[in-house]
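Here's start-v9.csv, which has CSV, C-alpha atoms:
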```
chain,number,residue,atom,x,y,z
A,1,MET,CA,103.4,65.5,91.3
A,2,ILE,CA,104.8,68.5,89.4
A,3,VAL,CA,102.1,70.8,88.1
A,4,ASN,CA,103.0,73.0,85.1
A,5,PRO,CA,102.2,76.7,85.7
A,6,ILE,CA,99.3,78.2,83.8
A,7,ALA,CA,100.2,80.4,80.9
A,8,ILE,CA,98.9,83.9,81.4
A,9,ASP,CA,99.2,86.9,79.0
A,10,VAL,CA,98.8,89.6,81.7
A,11,LEU,CA,98.9,89.0,85.5
A,12,CYS,CA,97.5,91.9,87.5
A,13,VAL,CA,98.6,92.2,91.1
A,14,GLY,CA,97.1,94.6,93.6
A,15,HIS,CA,93.9,96.1,94.8
A,16,ALA,CA,90.3,94.9,94.4
A,17,SER,CA,87.3,96.7,95.8
A,18,TYR,CA,83.6,96.7,95.2
A,19,ASP,CA,82.3,100.0,93.8
A,20,LEU,CA,78.9,101.6,94.4
A,21,VAL,CA,78.7,104.2,91.6
A,22,PHE,CA,76.0,106.9,91.6
A,23,SER,CA,75.5,109.4,88.8
A,24,VAL,CA,74.4,112.6,90.4
A,25,PRO,CA,73.2,116.0,88.9
A,26,HIS,CA,75.7,117.9,91.1
A,27,HIS,CA,77.9,117.5,94.1
A,28,PRO,CA,75.7,117.4,97.2
A,29,GLY,CA,75.8,120.3,99.5
A,30,GLU,CA,75.8,120.3,103.3
A,31,ASP,CA,72.8,118.3,104.7
A,32,GLU,CA,71.4,117.9,101.1
A,33,LYS,CA,69.5,114.9,100.0
A,34,MET,CA,69.2,114.0,96.4
A,35,LEU,CA,68.1,111.3,93.9
A,36,ALA,CA,70.8,109.7,91.8
A,37,ASP,CA,70.2,109.6,88.0
A,38,SER,CA,71.6,106.1,87.8
A,39,PHE,CA,73.4,103.5,89.8
A,40,VAL,CA,75.9,100.7,89.1
A,41,GLY,CA,77.4,98.2,91.5
A,42,CYS,CA,80.5,96.4,90.2
A,43,GLY,CA,84.0,95.2,91.0
A,44,GLY,CA,86.7,97.9,91.1
A,45,GLY,CA,90.3,98.5,92.0
A,46,PRO,CA,93.1,99.3,89.6
A,47,ALA,CA,94.6,95.8,89.2
A,48,ALA,CA,91.3,94.0,89.2
A,49,ASN,CA,89.8,96.4,86.6
A,50,ALA,CA,92.9,95.9,84.5
A,51,ALA,CA,92.5,92.1,84.6
A,52,VAL,CA,88.9,92.4,83.4
A,53,GLN,CA,89.9,94.7,80.6
A,54,VAL,CA,92.6,92.3,79.5
A,55,ALA,CA,90.1,89.5,79.4
A,56,LYS,CA,87.6,91.6,77.5
A,57,LEU,CA,90.3,92.0,74.8
A,58,GLY,CA,90.4,88.3,74.4
A,59,LEU,CA,93.7,87.6,76.2
A,60,LYS,CA,94.4,85.4,79.2
A,61,ALA,CA,94.2,87.4,82.4
A,62,ALA,CA,94.8,86.6,86.0
A,63,PHE,CA,94.3,88.7,89.2
A,64,ALA,CA,96.3,88.4,92.4
A,65,GLY,CA,95.0,90.1,95.4
A,66,TYR,CA,92.5,90.0,98.3
A,67,LEU,CA,88.7,89.7,98.6
A,68,GLY,CA,86.8,89.2,101.8
A,69,ASN,CA,84.4,86.3,102.6
A,70,ASP,CA,81.4,88.7,102.5
A,71,LEU,CA,78.7,89.8,100.1
A,72,TYR,CA,80.8,92.2,98.1
A,73,GLY,CA,83.7,89.8,98.0
A,74,ASP,CA,81.4,87.1,96.6
A,75,LYS,CA,80.0,89.4,94.0
A,76,HIS,CA,83.4,90.6,92.8
A,77,TYR,CA,84.8,87.1,92.8
A,78,GLN,CA,82.0,85.8,90.6
A,79,GLU,CA,82.4,88.8,88.3
A,80,LEU,CA,86.0,88.0,87.7
A,81,ILE,CA,85.0,84.4,86.9
A,82,ASP,CA,82.2,85.6,84.6
A,83,TYR,CA,84.7,87.7,82.6
A,84,GLY,CA,87.1,84.8,82.3
A,85,VAL,CA,89.8,86.1,84.7
A,86,ASN,CA,91.9,83.4,86.3
A,87,ILE,CA,91.3,83.6,90.1
A,88,ASP,CA,93.8,81.0,91.3
A,89,LEU,CA,95.8,83.7,93.0
A,90,VAL,CA,92.9,85.4,94.8
A,91,VAL,CA,93.2,85.3,98.6
A,92,ARG,CA,89.9,85.2,100.5
A,93,GLY,CA,89.6,86.1,104.2
A,94,ASP,CA,87.4,87.3,107.0
A,95,SER,CA,88.5,90.9,106.8
A,96,PRO,CA,86.0,93.0,104.8
A,97,THR,CA,86.3,93.5,101.0
A,98,PRO,CA,87.3,97.2,100.5
A,99,LEU,CA,84.2,99.2,99.5
A,100,SER,CA,84.0,102.4,97.5
A,101,THR,CA,81.2,104.9,97.0
A,102,VAL,CA,81.7,106.9,93.9
A,103,LEU,CA,79.7,110.1,93.0
A,104,VAL,CA,80.0,110.9,89.3
A,105,LYS,CA,78.9,114.4,88.1
A,106,PRO,CA,77.6,115.3,84.6
A,107,ASP,CA,81.0,116.7,83.6
A,108,GLY,CA,82.6,113.4,84.4
A,109,LYS,CA,84.4,114.5,87.5
A,110,ARG,CA,84.0,112.3,90.5
A,111,ALA,CA,84.2,112.1,94.3
A,112,LEU,CA,85.2,108.8,95.9
A,113,ILE,CA,85.0,107.4,99.4
A,114,ASN,CA,86.9,104.2,100.2
A,115,PHE,CA,86.4,102.0,103.2
A,116,LYS,CA,88.9,99.2,104.1
A,117,GLY,CA,88.0,98.6,107.8
A,118,GLU,CA,90.6,96.3,109.4
A,119,THR,CA,91.7,94.9,106.0
A,120,ARG,CA,95.5,95.1,105.7
A,121,ALA,CA,98.0,94.4,102.9
A,122,LEU,CA,98.7,90.7,102.3
A,123,PRO,CA,101.9,89.3,103.9
A,124,GLU,CA,104.9,88.4,101.8
A,125,ASN,CA,104.1,84.7,101.6
A,126,ALA,CA,100.4,85.0,101.0
A,127,ILE,CA,100.5,84.0,97.3
A,128,ASP,CA,102.4,81.3,95.4
A,129,PHE,CA,103.2,83.0,92.1
A,130,SER,CA,104.8,79.7,90.8
A,131,LYS,CA,101.2,78.7,89.8
A,132,VAL,CA,101.3,81.0,86.8
A,133,ASN,CA,103.6,81.8,84.0
A,134,PRO,CA,102.8,85.4,82.8
A,135,LYS,CA,104.1,87.2,79.7
A,136,VAL,CA,103.5,90.6,81.4
A,137,VAL,CA,102.8,91.6,85.0
A,138,LEU,CA,100.9,94.8,86.0
A,139,PHE,CA,101.2,96.2,89.5
A,140,ASP,CA,99.2,98.9,91.1
A,141,GLY,CA,101.3,99.1,94.3
A,142,HIS,CA,98.5,98.5,96.7
A,143,GLU,CA,99.9,95.1,97.8
A,144,PRO,CA,103.6,96.1,98.4
A,145,ARG,CA,104.6,93.1,100.5
A,146,ILE,CA,103.8,90.6,97.8
A,147,SER,CA,104.6,92.8,94.9
A,148,VAL,CA,108.2,94.0,95.6
A,149,ASP,CA,109.7,90.6,96.1
A,150,TYR,CA,107.9,89.2,93.1
A,151,ALA,CA,109.0,92.1,91.0
A,152,LYS,CA,112.7,91.4,91.9
A,153,THR,CA,112.1,87.8,90.8
A,154,LEU,CA,110.6,88.9,87.5
A,155,LEU,CA,113.6,91.1,86.9
A,156,LYS,CA,115.8,87.9,86.9
A,157,HIS,CA,113.5,86.3,84.3
A,158,LYS,CA,113.3,89.5,82.2
A,159,ILE,CA,109.5,89.5,82.3
A,160,PRO,CA,108.1,93.0,81.4
A,161,MET,CA,106.4,94.9,84.3
A,162,VAL,CA,104.0,97.7,84.2
A,163,LEU,CA,103.2,100.0,87.1
A,164,ASP,CA,99.8,101.8,87.4
A,165,ALA,CA,100.7,104.5,89.9
A,166,GLY,CA,97.7,106.5,91.0
A,167,SER,CA,99.4,108.1,94.0
A,168,LEU,CA,102.6,108.0,95.9
A,169,HIS,CA,102.7,105.4,98.7
A,170,ASP,CA,105.1,102.7,99.9
A,171,GLY,CA,104.1,100.3,97.1
A,172,THR,CA,104.4,102.7,94.2
A,173,GLN,CA,107.6,104.3,95.6
A,174,ALA,CA,109.3,100.9,95.7
A,175,LEU,CA,108.0,99.6,92.4
A,176,VAL,CA,108.7,102.6,90.3
A,177,GLN,CA,112.4,101.8,90.7
A,178,LEU,CA,111.9,98.2,89.3
A,179,VAL,CA,109.3,98.2,86.5
A,180,ASP,CA,109.9,98.6,82.8
A,181,TYR,CA,106.8,100.7,82.0
A,182,PRO,CA,105.7,103.2,84.7
A,183,VAL,CA,102.3,104.6,83.8
A,184,CYS,CA,101.6,107.3,86.4
A,185,SER,CA,98.9,109.9,87.2
A,186,GLU,CA,99.6,113.6,87.4
A,187,LYS,CA,99.0,113.3,91.1
A,188,PHE,CA,101.8,110.7,91.5
A,189,ALA,CA,104.1,112.8,89.3
A,190,ILE,CA,103.7,115.9,91.5
A,191,GLN,CA,103.9,114.0,94.8
A,192,TRP,CA,107.0,112.1,93.6
A,193,ALA,CA,109.0,114.8,91.8
A,194,GLY,CA,107.4,118.2,92.3
A,195,ASP,CA,106.0,118.6,88.8
A,196,VAL,CA,105.2,116.7,85.6
A,197,ASP,CA,108.2,117.7,83.6
A,198,ASN,CA,110.7,116.7,86.3
A,199,ALA,CA,108.8,113.5,87.0
A,200,LEU,CA,108.8,112.5,83.3
A,201,SER,CA,112.6,113.1,83.1
A,202,LYS,CA,113.2,111.0,86.2
A,203,LEU,CA,111.0,108.2,85.1
A,204,ALA,CA,112.7,108.0,81.7
A,205,LYS,CA,116.0,107.5,83.4
A,206,LEU,CA,114.6,104.5,85.3
A,207,ALA,CA,112.7,102.8,82.5
A,208,PRO,CA,112.7,102.6,78.7
A,209,TYR,CA,109.2,104.0,78.4
A,210,ALA,CA,107.5,106.4,80.8
A,211,VAL,CA,103.9,107.8,80.7
A,212,ILE,CA,102.1,110.4,82.8
A,213,ILE,CA,98.3,110.6,82.5
A,214,LEU,CA,96.9,114.2,82.6
A,215,GLY,CA,93.2,113.4,82.7
A,216,GLU,CA,91.1,115.3,80.2
A,217,ARG,CA,94.4,116.9,78.9
A,218,GLY,CA,95.7,113.6,77.6
A,219,LEU,CA,99.1,112.3,78.4
A,220,VAL,CA,102.8,112.8,78.0
A,221,TRP,CA,105.4,110.1,77.4
A,222,GLN,CA,109.1,109.8,77.0
A,223,HIS,CA,111.4,107.1,75.5
A,224,GLY,CA,115.1,107.9,75.9
A,225,GLU,CA,115.4,111.6,74.7
A,226,GLU,CA,112.2,111.4,72.7
A,227,ARG,CA,109.2,113.1,74.3
A,228,SER,CA,105.7,113.7,73.1
A,229,ALA,CA,102.1,114.4,74.1
A,230,LEU,CA,98.8,112.9,73.1
```
If you took the structure in this file and wrote it as structure tokens, what would it be?
Amino acid sequence: MIVNPIAIDVLCVGHASYDLVFSVPHHPGEDEKMLADSFVGCGGGPAANAAVQVAKLGLKAAFAGYLGNDLYGDKHYQELIDYGVNIDLVVRGDSPTPLSTVLVKPDGKRALINFKGETRALPENAIDFSKVNPKVVLFDGHEPRISVDYAKTLLKHKIPMVLDAGSLHDGTQALVQLVDYPVCSEKFAIQWAGDVDNALSKLAKLAPYAVIILGERGLVWQHGEERSAL
């Protein structure tokens, strides 16, 4: 029996974690105890968050990545379902769901601690991407073994690809050479090319559109020889 792939507007491939977010009056000092002003527990991770945002915009979203068979994995899995994200490509396992504690200060700056335990990147054959037919695919680079081979397949079919590159690692290093729309942090730009200006020039030679996010200072982008800031 041949099953037609599910039509998806944006498939997001990469990292999922569960975030424990505390709003604090200031960064805690050594041996300091404090009360948080507020607390939120929710799903996190660049690719998983992107899938939820796509679904909130009323489009068909899917997430491909890993969640553990634990309390936080169950919570995040149900959250994806509740937002209408397709979870056919989510892999569950006995390794723990990555967990992040985030401290958010009044000025919006944050400190983040991530714990992955023995959880490792998924192997190359962990996900059958033939189950979906995406119009666009977003990668965050955190699942390099499944992402790079899939990106090469997408190139053959001319399906647009976006890279959310927060930092330089094996996944983002490989994918930045393949995607159509690299959207990178300032941290990635400096790690990859030494400075933002050089990074933007290099990215624009690899892809038709390149974007570098500068936090509260906005962003810079380049298309061909055209460059601007927002």
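Each of A:Gly117, A:Gly166, A:Gly68, A:Pro106 was compared to Gly93 (chain A) using only C-alpha atoms, and A:Gly68 turns out to be the nearest.
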Item checked: Residue with smallest distance to Leu20 (chain A) - pool A:Asp82, A:Glu124, A:Ala210, A:Leu103, counting all atoms listed in the file ->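 When distances to Leu20 (chain A) are compared using all atoms listed in the file, the smallest one comes from A:Leu103.
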Margin query: At a cut-off of 10 Å around the point (93.8, 84.0, 93.4) (file coordinates), what residues fall inside when counting all atoms listed in the file? I'd like the answer as a PyMOL selection string.
Written below: chain A and resi 13+62-67+77+85-92+127-129+131
Note to self: Restricting the calculation to only C-alpha atoms: of A:Ala16, A:Leu203, A:Leu230, A:Val132, which residue gets closest to Glu79 (chain A)?
What the structure shows: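 The answer is A:Ala16, which sits nearest to Glu79 (chain A).
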Item checked: 6 Å contact set for region 180-189 of chain A, only C-alpha atoms, chain neighbours under 2 positions out, as number ranges by chain -> A: 161-168, 191-193, 196, 199, 207, 209-214
Margin query: One number please: CA of Gln53 (chain A) to CA of Phe39 (chain A), in Å, one decimal.
Written below: 20.8 Å
Next item on the list: Determine the nearest neighbour of Glu143 (chain A) from the options A:Ala47, A:Ala36, A:Lys156, A:Ile113, counting all atoms listed in the file.
Entry: A:Ala47
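Between CA of Gly141 (chain A) and CA of Gly218 (chain A) lies a distance of 22.8 Å.
Considering all atoms listed in the file, the residue among A:Gly171, A:Gly58, A:Gly29, A:Gly73 positioned nearest to Cys42 (chain A) is A:Gly73.
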Checklist line | Which residue of A:Val10, A:Leu80, A:Val40, A:Val176 approaches Leu59 (chain A) most closely, using all atoms listed in the file | finding: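 When distances to Leu59 (chain A) are compared using all atoms listed in the file, the smallest one comes from A:Val10.
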